[in-house]
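Data block for query_37.cif (mmCIF, C-alpha atoms):
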```
data_protein
loop_
_atom_site.group_PDB
_atom_site.id
_atom_site.type_symbol
_atom_site.label_atom_id
_atom_site.label_comp_id
_atom_site.auth_asym_id
_atom_site.auth_seq_id
_atom_site.Cartn_x
_atom_site.Cartn_y
_atom_site.Cartn_z
ATOM 1 C CA MET A 1 69.194 49.563 5.346
ATOM 2 C CA MET A 2 69.317 53.202 6.433
ATOM 3 C CA GLU A 3 65.577 53.580 5.938
ATOM 4 C CA ILE A 4 64.992 50.857 8.521
ATOM 5 C CA ILE A 5 66.326 53.201 11.208
ATOM 6 C CA ASP A 6 64.874 56.460 9.885
ATOM 7 C CA PRO A 7 61.506 56.959 11.611
ATOM 8 C CA ASP A 8 60.461 59.469 8.928
ATOM 9 C CA SER A 9 61.306 57.332 5.903
ATOM 10 C CA PRO A 10 58.611 56.181 3.473
ATOM 11 C CA LEU A 11 59.709 52.638 4.283
ATOM 12 C CA GLN A 12 58.374 53.018 7.823
ATOM 13 C CA ARG A 13 54.952 54.055 6.538
ATOM 14 C CA PHE A 14 55.010 51.231 3.998
ATOM 15 C CA MET A 15 55.852 48.649 6.695
ATOM 16 C CA ASP A 16 53.051 49.873 8.948
ATOM 17 C CA ARG A 17 50.510 49.841 6.124
ATOM 18 C CA ARG A 18 51.608 46.379 5.013
ATOM 19 C CA ILE A 19 51.339 45.068 8.570
ATOM 20 C CA GLU A 20 47.877 46.609 8.914
ATOM 21 C CA ILE A 21 46.785 44.709 5.793
ATOM 22 C CA GLN A 22 48.426 41.473 6.945
ATOM 23 C CA LEU A 23 46.790 41.669 10.364
ATOM 24 C CA GLY A 24 43.392 42.264 8.760
ATOM 25 C CA MET A 25 43.842 39.255 6.485
ATOM 26 C CA LEU A 26 45.016 37.071 9.370
ATOM 27 C CA GLU A 27 42.061 38.110 11.482
ATOM 28 C CA ARG A 28 39.705 37.014 8.703
ATOM 29 C CA VAL A 29 41.568 33.705 8.287
ATOM 30 C CA LEU A 30 41.349 33.014 12.014
ATOM 31 C CA GLU A 31 37.645 33.870 12.017
ATOM 32 C CA ALA A 32 37.001 31.616 9.033
ATOM 33 C CA GLY A 33 38.954 28.804 10.689
ATOM 34 C CA ARG A 34 36.710 28.998 13.749
ATOM 35 C CA GLY A 35 39.391 27.974 16.228
ATOM 36 C CA ARG A 36 41.076 25.316 14.113
ATOM 37 C CA SER A 37 44.423 27.147 13.785
ATOM 38 C CA ASP A 38 47.220 25.585 15.825
ATOM 39 C CA PHE A 39 49.575 28.567 15.784
ATOM 40 C CA LEU A 40 50.472 31.794 14.006
ATOM 41 C CA TRP A 41 53.743 31.717 12.063
ATOM 42 C CA ILE A 42 55.748 34.887 11.345
ATOM 43 C CA GLY A 43 59.223 35.443 9.961
ATOM 44 C CA GLU A 44 62.026 37.919 10.480
ATOM 45 C CA ASP A 45 65.605 36.976 9.592
ATOM 46 C CA LEU A 46 67.669 38.683 12.268
ATOM 47 C CA GLY A 47 71.057 37.021 12.036
ATOM 48 C CA SER A 48 73.980 36.158 9.830
ATOM 49 C CA GLN A 49 76.044 33.067 10.545
ATOM 50 C CA ARG A 50 78.281 35.146 12.837
ATOM 51 C CA GLY A 51 75.880 37.358 14.746
ATOM 52 C CA PRO A 52 73.021 39.875 14.594
ATOM 53 C CA LEU A 53 72.172 41.730 11.390
ATOM 54 C CA ILE A 54 70.931 44.724 13.392
ATOM 55 C CA SER A 55 71.550 46.160 16.834
ATOM 56 C CA MET A 56 69.369 45.385 19.821
ATOM 57 C CA GLU A 57 68.399 49.070 19.905
ATOM 58 C CA THR A 58 67.208 48.923 16.289
ATOM 59 C CA TYR A 59 65.324 45.708 16.953
ATOM 60 C CA ARG A 60 63.593 47.130 20.017
ATOM 61 C CA GLN A 61 62.665 50.403 18.352
ATOM 62 C CA PHE A 62 61.606 49.302 14.873
ATOM 63 C CA ILE A 63 60.979 45.549 14.711
ATOM 64 C CA LYS A 64 59.756 44.379 18.108
ATOM 65 C CA PRO A 65 56.707 46.693 18.309
ATOM 66 C CA ARG A 66 55.578 45.440 14.909
ATOM 67 C CA GLN A 67 56.085 41.793 15.853
ATOM 68 C CA LYS A 68 54.114 42.411 19.042
ATOM 69 C CA LYS A 69 51.035 43.219 16.961
ATOM 70 C CA PHE A 70 51.107 39.690 15.560
ATOM 71 C CA ALA A 71 51.714 38.202 19.002
ATOM 72 C CA ASP A 72 48.771 40.199 20.361
ATOM 73 C CA LEU A 73 46.526 38.898 17.584
ATOM 74 C CA ALA A 74 47.563 35.316 18.370
ATOM 75 C CA LYS A 75 46.954 35.890 22.067
ATOM 76 C CA ALA A 76 43.445 37.147 21.298
ATOM 77 C CA TRP A 77 42.799 33.808 19.561
ATOM 78 C CA ASN A 78 44.565 31.803 22.278
ATOM 79 C CA ILE A 79 47.176 30.332 19.925
ATOM 80 C CA PRO A 80 50.972 30.410 20.175
ATOM 81 C CA VAL A 81 53.292 32.297 17.825
ATOM 82 C CA MET A 82 56.171 30.649 15.976
ATOM 83 C CA ILE A 83 58.857 32.903 14.535
ATOM 84 C CA HIS A 84 61.213 31.955 11.737
ATOM 85 C CA SER A 85 64.573 33.659 12.030
ATOM 86 C CA CYS A 86 67.650 32.527 10.129
ATOM 87 C CA GLY A 87 71.242 32.668 11.278
ATOM 88 C CA SER A 88 72.426 33.697 14.701
ATOM 89 C CA SER A 89 69.177 34.921 16.193
ATOM 90 C CA SER A 90 69.346 33.695 19.793
ATOM 91 C CA TRP A 91 70.326 37.213 20.864
ATOM 92 C CA ALA A 92 66.648 38.134 20.383
ATOM 93 C CA PHE A 93 65.011 35.136 22.080
ATOM 94 C CA ASP A 94 64.370 36.917 25.383
ATOM 95 C CA GLU A 95 62.801 39.766 23.401
ATOM 96 C CA PHE A 96 60.553 37.253 21.641
ATOM 97 C CA LEU A 97 59.440 35.869 24.988
ATOM 98 C CA ASP A 98 58.755 39.385 26.241
ATOM 99 C CA ILE A 99 56.101 39.943 23.577
ATOM 100 C CA GLY A 100 54.618 36.454 23.720
ATOM 101 C CA ILE A 101 56.469 34.534 21.007
ATOM 102 C CA THR A 102 57.081 31.049 22.397
ATOM 103 C CA ILE A 103 58.252 28.946 19.441
ATOM 104 C CA VAL A 104 61.367 29.571 17.341
ATOM 105 C CA ASP A 105 61.909 28.057 13.912
ATOM 106 C CA THR A 106 64.936 27.364 11.734
ATOM 107 C CA LEU A 107 67.669 27.043 14.367
ATOM 108 C CA GLN A 108 70.744 26.805 12.167
ATOM 109 C CA PRO A 109 73.143 24.888 14.457
ATOM 110 C CA GLU A 110 76.278 26.064 12.632
ATOM 111 C CA ALA A 111 75.514 29.735 13.357
ATOM 112 C CA PHE A 112 76.950 31.585 16.368
ATOM 113 C CA GLU A 113 75.218 30.669 19.650
ATOM 114 C CA MET A 114 72.725 28.400 17.909
ATOM 115 C CA SER A 115 73.978 24.926 18.851
ATOM 116 C CA PRO A 116 71.323 22.574 20.219
ATOM 117 C CA ALA A 117 73.047 22.380 23.621
ATOM 118 C CA TYR A 118 73.283 26.170 23.923
ATOM 119 C CA LEU A 119 69.643 26.721 22.954
ATOM 120 C CA LYS A 120 68.293 23.983 25.188
ATOM 121 C CA SER A 121 70.327 25.066 28.217
ATOM 122 C CA LYS A 122 69.323 28.743 27.960
ATOM 123 C CA TRP A 123 65.714 28.582 26.778
ATOM 124 C CA GLY A 124 64.618 24.939 26.900
ATOM 125 C CA ASP A 125 62.208 25.573 29.751
ATOM 126 C CA ARG A 126 60.626 28.651 28.117
ATOM 127 C CA LEU A 127 60.681 28.164 24.350
ATOM 128 C CA ALA A 128 59.649 25.398 21.994
ATOM 129 C CA PHE A 129 62.093 24.675 19.171
ATOM 130 C CA HIS A 130 61.443 23.725 15.541
ATOM 131 C CA GLY A 131 64.429 22.908 13.327
ATOM 132 C CA CYS A 132 68.089 22.327 14.219
ATOM 133 C CA ILE A 133 68.722 19.653 11.576
ATOM 134 C CA SER A 134 71.053 21.588 9.312
ATOM 135 C CA THR A 135 70.388 21.601 5.583
ATOM 136 C CA ALA A 136 74.002 22.782 5.192
ATOM 137 C CA GLY A 137 75.370 19.838 7.181
ATOM 138 C CA PRO A 138 75.187 16.044 7.080
ATOM 139 C CA VAL A 139 71.800 15.861 5.324
ATOM 140 C CA ALA A 140 73.292 17.651 2.322
ATOM 141 C CA TYR A 141 76.949 16.659 2.459
ATOM 142 C CA GLY A 142 77.397 13.686 4.792
ATOM 143 C CA THR A 143 76.923 9.966 4.588
ATOM 144 C CA VAL A 144 73.866 8.093 5.782
ATOM 145 C CA GLU A 145 75.795 7.263 8.965
ATOM 146 C CA ASP A 146 76.685 10.949 9.452
ATOM 147 C CA VAL A 147 72.979 11.828 9.188
ATOM 148 C CA ARG A 148 71.981 9.150 11.682
ATOM 149 C CA ARG A 149 74.678 10.259 14.163
ATOM 150 C CA ASN A 150 73.673 13.929 13.817
ATOM 151 C CA MET A 151 70.020 13.043 14.339
ATOM 152 C CA ARG A 152 70.748 10.959 17.426
ATOM 153 C CA GLU A 153 72.976 13.666 18.963
ATOM 154 C CA THR A 154 70.458 16.445 18.234
ATOM 155 C CA LEU A 155 67.509 14.492 19.595
ATOM 156 C CA GLU A 156 69.417 13.481 22.742
ATOM 157 C CA VAL A 157 69.959 17.166 23.503
ATOM 158 C CA MET A 158 66.665 18.643 22.361
ATOM 159 C CA MET A 159 64.057 16.056 23.431
ATOM 160 C CA PRO A 160 64.418 15.948 27.256
ATOM 161 C CA GLY A 161 61.671 17.968 28.875
ATOM 162 C CA GLY A 162 59.732 18.268 25.621
ATOM 163 C CA GLY A 163 59.273 21.351 23.508
ATOM 164 C CA TYR A 164 61.121 20.121 20.414
ATOM 165 C CA CYS A 165 59.735 19.434 16.950
ATOM 166 C CA MET A 166 62.318 17.761 14.717
ATOM 167 C CA SER A 167 62.664 19.544 11.415
ATOM 168 C CA PRO A 168 65.298 20.555 8.902
ATOM 169 C CA THR A 169 66.468 24.134 9.321
ATOM 170 C CA HIS A 170 64.997 24.999 5.915
ATOM 171 C CA HIS A 171 63.298 23.224 3.069
ATOM 172 C CA LEU A 172 65.399 20.321 1.903
ATOM 173 C CA GLN A 173 67.196 21.295 -1.281
ATOM 174 C CA ASP A 174 68.071 19.244 -4.349
ATOM 175 C CA ASN A 175 71.648 18.896 -3.064
ATOM 176 C CA SER A 176 70.433 16.521 -0.336
ATOM 177 C CA PRO A 177 70.829 12.911 -1.508
ATOM 178 C CA PRO A 178 67.535 10.999 -1.211
ATOM 179 C CA GLU A 179 69.176 8.325 0.942
ATOM 180 C CA ASN A 180 70.195 11.017 3.463
ATOM 181 C CA VAL A 181 66.684 12.435 3.569
ATOM 182 C CA VAL A 182 65.263 8.969 4.182
ATOM 183 C CA ALA A 183 67.926 8.342 6.863
ATOM 184 C CA MET A 184 66.963 11.601 8.594
ATOM 185 C CA TYR A 185 63.324 10.572 8.934
ATOM 186 C CA GLU A 186 64.146 6.961 9.806
ATOM 187 C CA ALA A 187 66.504 8.163 12.554
ATOM 188 C CA ALA A 188 63.827 10.526 13.864
ATOM 189 C CA ARG A 189 61.444 7.614 14.094
ATOM 190 C CA GLU A 190 64.057 5.383 15.735
ATOM 191 C CA TYR A 191 65.559 7.871 18.218
ATOM 192 C CA GLY A 192 62.590 10.161 18.696
ATOM 193 C CA ARG A 193 59.445 9.706 20.723
ATOM 194 C CA TYR A 194 57.169 9.073 17.762
ATOM 195 C CA ARG A 195 56.521 5.330 17.558
#
```

Any chance you could give the structure as structure tokens?
Amino acid sequence: MMEIIDPDSPLQRFMDRRIEIQLGMLERVLEAGRGRSDFLWIGEDLGSQRGPLISMETYRQFIKPRQKKFADLAKAWNIPVMIHSCGSSSWAFDEFLDIGITIVDTLQPEAFEMSPAYLKSKWGDRLAFHGCISTAGPVAYGTVEDVRRNMRETLEVMMPGGGYCMSPTHHLQDNSPPENVVAMYEAAREYGRYR
């Protein structure tokens, strides 16, 4: 962790070289796709369940400039950027917007300042949201009725005004009963806009 904040550490040079390679590969993928890419997806877990993993200063100095390179590449291809960030990551959402990231993914509702109502009220007119159906909540541990209720409540908050793509916060795990998974998708069909 200390090497993340040491500008002279070998880790910094490694990160920059790795990003240079990733950007080159992405550029070739976008060229080969000839405009058929819908968005560019990047990931950076910035939060624990209780708050940020790093300070805003550290984010701005060491992470944000590197993320901006990906956002700039997406902008050059006229596609949006979606960022995956686990835990309590809403503290960085305005920073994401500043560099051109307009879609956030994962949205663990049990984490600090990540409830659907909080996210929608603060950023619903500026960000698109992907996730918010907790894989550590009713889908894994509740009843079918719990899943349906959670889906209805989440969709009622997140759908107005658009900009929401229903999704589990993470990949569904083997601790999610099949009947709950089916109930999640059936409720999305029933309460969502997809008909």

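Run against this file, the PyMOL selection byres ((chain A and resi 109) around 10) gives back Gln49, Gly87, Ser88, Thr106, Leu107, Gln108, Glu110, Ala111, Phe112, Glu113, Met114, Ser115, Pro116, Ala117, Tyr118, Leu119, Gly131, Cys132, Ile133, Ser134, Thr135, Ala136, Gly137, Thr154 and Thr169 of chain A.
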
Could the centre and edge lengths of an axis-aligned box, enclosing all atoms of segment 125-133 of chain A in the file with 3 Å extra on each side, be given in Å to one decimal as AutoDock Vina command-line options?
```
--center_x 64.2 --center_y 24.2 --center_z 20.7 --size_x 15.1 --size_y 15.0 --size_z 24.2
```

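Candidate residues A:Leu40, A:Ser55, A:Ser121, A:Asp45 were compared for distance to Gly100 of chain A, and the nearest is A:Leu40, using only C-alpha atoms.
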
**Message:** Which residues would end up in the selection if the PyMOL selection byres ((chain A and resi 70) around 12) were applied here, given that I need the answer as a VMD selection string?
**Reply:** chain A and resid 19 to 27 39 to 43 63 to 69 71 to 77 79 to 83 96 99 to 101

**Message:** Using all atoms listed in the file - which residues lie no farther than 6 Å from the point (68.8, 7.7, 14.6) in the file's frame? Write them as a PyMOL selection string.
**Reply:** chain A and resi 148+151-152+187-188+190-191

**Message:** Restricting the calculation to all atoms listed in the file: of A:Tyr141, A:Trp91, A:Tyr185, A:Tyr164, which residue gets closest to Met56 of chain A?
**Reply:** A:Trp91

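Put simply, the PyMOL selection byres ((chain A and resi 193) around 12) on this file hits Arg152, Leu155, Glu156, Met158, Met159, Pro160, Gly161, Gly162, Gly163, Tyr164, Cys165, Met166, Ala187, Ala188, Arg189, Glu190, Tyr191, Gly192, Tyr194 and Arg195 of chain A.
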
**Request:** Please provide as a VMD selection string all residues within 9 Å of Ala183 of chain A, with the sequence filter that same-chain residues fewer than 5 positions apart are discarded (counting only C-alpha atoms).
**Result:** chain A and resid 139 144 to 145 147 to 148 178 188

Got time to write the residues from that selection, C-alpha atoms, as a short mmCIF file (atom, residue, chain, number, x, y, z; two decimals), in the coordinates of the input?
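Output (part08.cif):
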```cif
data_model
loop_
_atom_site.label_atom_id
_atom_site.label_comp_id
_atom_site.auth_asym_id
_atom_site.auth_seq_id
_atom_site.Cartn_x
_atom_site.Cartn_y
_atom_site.Cartn_z
CA VAL A 139 71.80 15.86 5.32
CA VAL A 144 73.87 8.09 5.78
CA GLU A 145 75.80 7.26 8.96
CA VAL A 147 72.98 11.83 9.19
CA ARG A 148 71.98 9.15 11.68
CA PRO A 178 67.54 11.00 -1.21
CA ALA A 188 63.83 10.53 13.86
#
```

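The gap separating atom CA of Ala128 of chain A from atom CA of Asp94 of chain A is 12.9 Å, in Å to one decimal.
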
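With all atoms listed in the file as the basis for measurement, A:Ser37 is the residue among A:Ser37, A:Gln12, A:Ser176, A:Thr58 that approaches Asn78 of chain A most closely.
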
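If only C-alpha atoms are the atoms counted, then among A:Asp146, A:Glu44, A:Glu57, A:Glu31 the closest residue to Ile5 of chain A is A:Glu57.
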